[in-house]
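Enquirer: After the C-alpha cells below, expect a handful of questions from me.
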Amino acid sequence: MSEYLIANGIVVTLGEKNQVILDGAVYVKNGKIGDVGTTKELKAKYKCSVKVNAKNKVVLPGFICAHHHFYSTMARGFCPPGAPALTFQEILERLWWKLDKALHKDDVYYSALIPIIECIRNGTTTVIDHHASPSYRDGSLDLIADAVTEGGLRASLCYEVSDRNEPGAGIAENERFLKRMRSEKSEFLHGMMGLHASVTVSDDTLAKCRKGAEKYGAGYHIHVAEGVEDHTDSLKKYGVRTVERLVSRGICGKDSLFIHCINVDDKEMDLIKKSETTVVHNPESNMNNAVGVAKVLKMMSRGILVGLGTDGMASDMPAQMRCSYLVHRLDSRDPRVAFCEAPQMLLWNNAVIANKFFPVKVGVIEKGAAADFAILDYIPPTDMSANNFLGHFIFGMVDAVVDTTIVAGKILMENKKVLALDEEKIAAQSRKLAAKMWTRIS
Ligand SMILES: [Zn+2]
C-alpha cells in the first residue's frame with residue numbers, strides 16, 4: 001500500500017463546493033485521494049510521512065487541456081517557405097499540411113514527448129489530443145500512447161480523419177485504437193473518433209466515421225467553423241451551415257467535442273445545445289490565426305458546455321484562461337464579463353468533459369478522486385478564501401510557477417525537476433529529428 005501526505009499548503013478543492021483550506025493537507029492512498037482537511041487534522045489521523053511539503057504553495061487539482069495537438073511541436077522555429085499565409089486556408093496549406101505530412105515514425109513519438117514534458121512543467125495532468133501524420137498514420141496513436149504512458153499523464157487520443165490525401169484516411173487508425181481501448185479499459189488512456197473539419201470530409205467519409213464511432217460508442221473530436229472557409233464550403237457544397245451539416249449527419253452528441261465554433265450563428269448554437277455537444281474554446285490559437293473571437297460567453301449563457309484548450313499553441317492552461325478572460329472583455333467592450341466564465345471553462349467545465357471519458361474522477365480534490373495535482377508557488381499577498389479565489393487565480397496564480405506535478409499519486413515533477421522523463425536527452429533528440437524533418441518540408 002502506498003500512502004503519503006501533502007501538507008502545509010493552501011488546498012483549493014474546486015468541484016461543486018469549492019473550498020480553500022489554509023494550512024491544508026491531502027492524504028493520498030494507492031493513487032487516489034483518501035482524505036482532505038487541515039494539516040493538523042490529517043497528521044493526527046494518518047501516521048504516514050509528509051512526502052510533499054506544500055508550505056508557501058497552493059495545491060490544486062491537475063489542470064486539464066480539452067484540445068491539444070502534440071504533433072505541432074516541431075513547427076516551433078520553422079519558417080514556412082514562400083509568402084506569408086493570408087487566409088486560414090493558406091495557413092493550413094503552407095504550414096500544417098506540409099508539416100504533418102513530413103512526420104515520420106520517430107517524429108510522431110518525440111513530438112509527443114516534448115509537449116508531455118511541457119504539460120508536466122505546467123501542471124497539466126489530463127490532455128485531449130488530436131493527431132495527424134499522413135506519412136506515418138497506422139500505429140501512430142500507439143506511439144503517442146507510449147509517450148503519454150512514459151510521461152505518466154492521462155490522455156484522450158484520436159487521429160484526424162481527412163480526405164485531403166486519401167478519402168477516409170485515418171478511420172481505420174481510430175477504429176483500431178478504439179478497439180484497443182475497449183479491451184484495455186485503461187485509467188489513463190481514452191480514444192475518440194477524430195475528424196479534421198467539415199471542409200476536408202465528404203458525406204461518405206462522415207457516414208463511415210459515424211459507423212466506426214457507433215461501433216465503439218465513441219464521441220467525435222472535430223474542428224468546427226474555425227476559418228470562414230469551413231462555413232462557406234458547407235454552404236456551397238451542401239446548402240447548409242457547418243454545424244447544421246454535422247448534426248444532420250449525426251456527427252455530434254454528449255461525448256463529442258466541437259473545437260472553436262467561431263463562425264456559428266444562433267440557429268447553430270441551438271443545434272449544439274440540443275445535441276448536447278461540447279464546444280472547446282482556444283483563444284490564443286484563434287488570435288494567432290486571426291480567425292476571430294468565438295462567442296463562447298453567449299454559448300455558455302445558453303447552457304452549452306464550453307471547455308478550454310490550447311490547440312497545440314502551448315500546454316499552460318492558466319495562461320489560456322487569462323487570454324480568454326482578456327479577449328472577451330476586449331471583444332465585448334464590457335469590463336463586467338468573463339471574470340467567472342474564463343475560470344469556469346478551465347477549472348470546472350474541463351473537469352466535466354474529462355470525467356465523461358476517464359473512469360476515475362479528475363479535476364477535483366475530494367475523497368475517492370484521482371490523486372492528480374498541480375502544486376504552485378504562491379504566497380497570497382492579501383487574504384484568500386473561497387469567496388475571492390477567482391481574483392487570486394486570474395491576477396496572481398496565473399503567473400505562479402508550478403513546483404510539483406502529481407498524477408495518480410506518482411510525482412512526475414518535484415522542486416521543478418521533471419522526474420518522469422529525461423528532458424535534456426529528449427529535447428536533444430527532438431532537435432536532431434526536427435532539423436531532418438524541416439528539410440523534407442522545404
Ligand atoms: Zn486544433
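Following the order of the C-alpha cells, first chain is A, next is B, and so on, with residues numbered from 1 inside each chain and ligands from 1 in the order they appear.
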What's the 9 Å shell around Glu118 in chain A, counting only C-alpha atoms, without same-chain residues fewer than 6 positions away, as a PyMOL selection string?
Expert: chain A and resi 124+314-316
Enquirer: Within 8 Å of Gly34 in chain A, counting only C-alpha atoms, which residues qualify if same-chain residues fewer than 3 places away don't, as an mmCIF file with N, CA and C atoms, in the first residue's frame?
Expert:
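Saved to around-v1.cif:
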```
data_model
loop_
_atom_site.group_PDB
_atom_site.id
_atom_site.type_symbol
_atom_site.label_atom_id
_atom_site.label_comp_id
_atom_site.auth_asym_id
_atom_site.auth_seq_id
_atom_site.Cartn_x
_atom_site.Cartn_y
_atom_site.Cartn_z
ATOM 1 N N VAL A 26 -3.635 16.880 2.091
ATOM 2 C CA VAL A 26 -4.337 15.835 1.341
ATOM 3 C C VAL A 26 -3.667 14.506 1.680
ATOM 4 N N TYR A 27 -4.473 13.499 1.982
ATOM 5 C CA TYR A 27 -3.972 12.150 2.233
ATOM 6 C C TYR A 27 -4.131 11.358 0.935
ATOM 7 N N VAL A 28 -3.012 10.864 0.418
ATOM 8 C CA VAL A 28 -3.011 10.116 -0.843
ATOM 9 C C VAL A 28 -2.782 8.634 -0.553
ATOM 10 N N LYS A 29 -3.648 7.815 -1.118
ATOM 11 C CA LYS A 29 -3.513 6.370 -0.883
ATOM 12 C C LYS A 29 -3.773 5.609 -2.183
ATOM 13 N N GLU A 366 -11.158 15.669 -3.735
ATOM 14 C CA GLU A 366 -12.151 15.114 -2.814
ATOM 15 C C GLU A 366 -11.863 13.623 -2.641
ATOM 16 N N LYS A 367 -12.369 13.050 -1.595
ATOM 17 C CA LYS A 367 -12.140 11.640 -1.301
ATOM 18 C C LYS A 367 -12.593 10.772 -2.466
ATOM 19 N N GLY A 368 -11.744 9.879 -2.904
ATOM 20 C CA GLY A 368 -12.088 8.955 -3.981
ATOM 21 C C GLY A 368 -11.664 9.429 -5.361
#
```
Enquirer: Around ligand 1, at most 7 Å away and counting only C-alpha atoms and all ligand atoms, which residues are there? Put them as a short mmCIF file (atom, residue, chain, number, x, y, z; two decimals) with C-alpha atoms, in the first residue's frame, please.
Expert:
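Ended up saving to out-v9.cif:
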```cif
data_model
loop_
_atom_site.label_atom_id
_atom_site.label_comp_id
_atom_site.auth_asym_id
_atom_site.auth_seq_id
_atom_site.Cartn_x
_atom_site.Cartn_y
_atom_site.Cartn_z
CA HIS A 67 -7.83 20.30 -27.11
CA HIS A 68 -4.15 19.90 -27.94
CA HIS A 69 -2.03 18.91 -30.95
CA HIS A 130 -5.92 15.49 -31.87
CA HIS A 223 -12.66 21.40 -35.66
CA ILE A 259 -13.48 22.75 -31.46
CA ASP A 311 -4.89 23.90 -29.98
CA GLY A 312 -1.21 22.95 -29.79
#
```
Enquirer: Write out as a PyMOL selection string all residues of range 96-303 of chain A that backbone DSSP assigns to alpha helix (DSSP H).
Expert: chain A and resi 97-101+105-121+140-151+171-184+203-216+228-238+242-248+266-274+283-288+296-301
Enquirer: Would you return as a PyMOL selection string the members of range 27-178 of chain A that DSSP assigns to strand (DSSP E or B) on this structure's backbone?
Expert: chain A and resi 27-29+32-38+50-53+57-61+63-68+124-129+131+154-157+159+161-162+169
Enquirer: Residues at most 7 Å from Gly170 in chain A, counting only C-alpha atoms, excluding those fewer than 3 positions away in the same chain, as a PDB file with C-alpha atoms, in the first residue's frame?
Expert:
```pdb
ATOM      1  CA  ARG A 137      -0.613   7.053 -39.858  1.00  0.00           C
ATOM      2  CA  TYR A 159      -6.432  10.601 -35.435  1.00  0.00           C
ATOM      3  CA  GLU A 160      -7.857  13.413 -37.585  1.00  0.00           C
ATOM      4  CA  VAL A 161      -9.748  11.826 -40.467  1.00  0.00           C
ATOM      5  CA  GLU A 173      -6.495   4.010 -37.235  1.00  0.00           C
ATOM      6  CA  ASN A 174      -9.193   5.462 -34.973  1.00  0.00           C
TER       7      ASN A 174
END
```
Enquirer: Have a look at A:Ala225, A:Gly123, A:Ile117, A:Ile6 and name the one nearest to Lys51 in chain A; count only C-alpha atoms.
Expert: A:Ile6
Enquirer: Quick one: everything within 12 Å of Arg302 in chain A, counting only C-alpha atoms, minus sequence neighbours fewer than 5 positions away in the same chain. Send it as number ranges by chain.
Expert: A: 266-274, 276, 295-297
Enquirer: Could you tell me which of A:Asn18, A:Gln429, A:Gln344, A:Asn30 comes closest to Lys410 in chain A if we count only C-alpha atoms?
Expert: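 Closest candidate: A:Asn30.
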Enquirer: Which residue gives the smallest distance to Leu419 in chain A among A:His104, A:Arg121, A:Lys361, A:Lys215, with only C-alpha atoms counted?
Expert: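 Residue with the minimum atom-to-atom distance to Leu419 in chain A: A:Arg121.
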Enquirer: Do you know which residues are at most 7 Å from Val148 in chain A counting only C-alpha atoms, after dropping those on the same chain fewer than 6 positions away, and could you put them as a compact mmCIF listing (two decimals) with N, CA and C atoms, in the first residue's frame?
Expert:
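Heads up, here's the output in result-v1.txt:
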```txt
# COMPACT_ATOMS: atom_id res chain seq x y z
N ILE A 116 4.43 16.70 -23.69
CA ILE A 116 4.10 15.97 -22.45
C ILE A 116 4.98 16.51 -21.31
N ARG A 154 -2.63 11.48 -18.20
CA ARG A 154 -3.85 10.87 -18.74
C ARG A 154 -4.13 11.57 -20.07
N ALA A 155 -4.54 10.81 -21.10
CA ALA A 155 -4.81 11.46 -22.38
C ALA A 155 -5.89 10.73 -23.17
```
Enquirer: Given the choices A:Pro318, A:Gly227, A:Gly24, A:Gly409, which gets closest to Leu92 in chain A if the distance is worked out from only C-alpha atoms?
Expert: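 Nearest candidate to Leu92 in chain A out of A:Pro318, A:Gly227, A:Gly24, A:Gly409: A:Gly227.
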Enquirer: Please provide as a PyMOL selection string all residues within 12 Å of Ala435 in chain A, with the sequence filter that same-chain residues fewer than 2 positions apart are discarded (counting only C-alpha atoms).
Expert: chain A and resi 74-78+102-103+107+428-433+437-442
Enquirer: Write out as a tab-separated table (two decimals) with N, CA and C atoms, in the first residue's frame each polymer residue whose atoms come within 10 Å of range 79-83 of chain A, counting only C-alpha atoms; drop sequence neighbours fewer than 5 positions from it.
Expert:
```tsv
chain	number	residue	atom	x	y	z
A	90	GLU	N	-4.75	29.16	-46.23
A	90	GLU	CA	-3.33	29.24	-46.60
A	90	GLU	C	-2.43	28.82	-45.44
A	91	ILE	N	-2.84	29.13	-44.21
A	91	ILE	CA	-2.05	28.68	-43.03
A	91	ILE	C	-2.00	27.15	-43.02
A	94	ARG	N	0.12	25.97	-46.30
A	94	ARG	CA	1.54	26.33	-46.36
A	94	ARG	C	2.34	25.83	-45.16
A	95	LEU	N	1.65	25.61	-44.04
A	95	LEU	CA	2.39	25.13	-42.86
A	95	LEU	C	1.91	23.75	-42.41
A	96	TRP	N	0.70	23.68	-41.88
A	96	TRP	CA	0.31	22.47	-41.14
A	96	TRP	C	0.21	21.23	-42.01
A	98	LYS	N	1.82	20.61	-44.70
A	98	LYS	CA	3.16	20.18	-45.12
A	98	LYS	C	3.88	19.56	-43.94
A	99	LEU	N	3.71	20.19	-42.78
A	99	LEU	CA	4.40	19.69	-41.59
A	99	LEU	C	3.90	18.30	-41.19
A	438	TRP	N	12.52	19.29	-41.27
A	438	TRP	CA	12.38	20.59	-41.95
A	438	TRP	C	12.90	20.51	-43.38
A	441	ILE	N	10.28	19.26	-45.62
A	441	ILE	CA	9.24	20.25	-45.95
A	441	ILE	C	9.74	21.23	-47.00
A	442	SER	N	10.94	21.73	-46.81
A	442	SER	CA	11.48	22.73	-47.73
A	442	SER	C	11.71	22.12	-49.10
```
Enquirer: Can you work out the spacing between CA of Thr310 in chain A and CA of Pro283 in chain A in Å, to one decimal?
Expert: 7.6 Å
Enquirer: Quote the spacing between CA of Thr205 in chain A and CA of Val280 in chain A in Å to one decimal place.
Expert: 23.1 Å
Enquirer: Closest to Gln320 in chain A among A:Ala371, A:Leu143, A:Leu189, A:Cys65, using only C-alpha atoms?
Expert: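 Closest to Gln320 in chain A, using only C-alpha atoms: A:Cys65.
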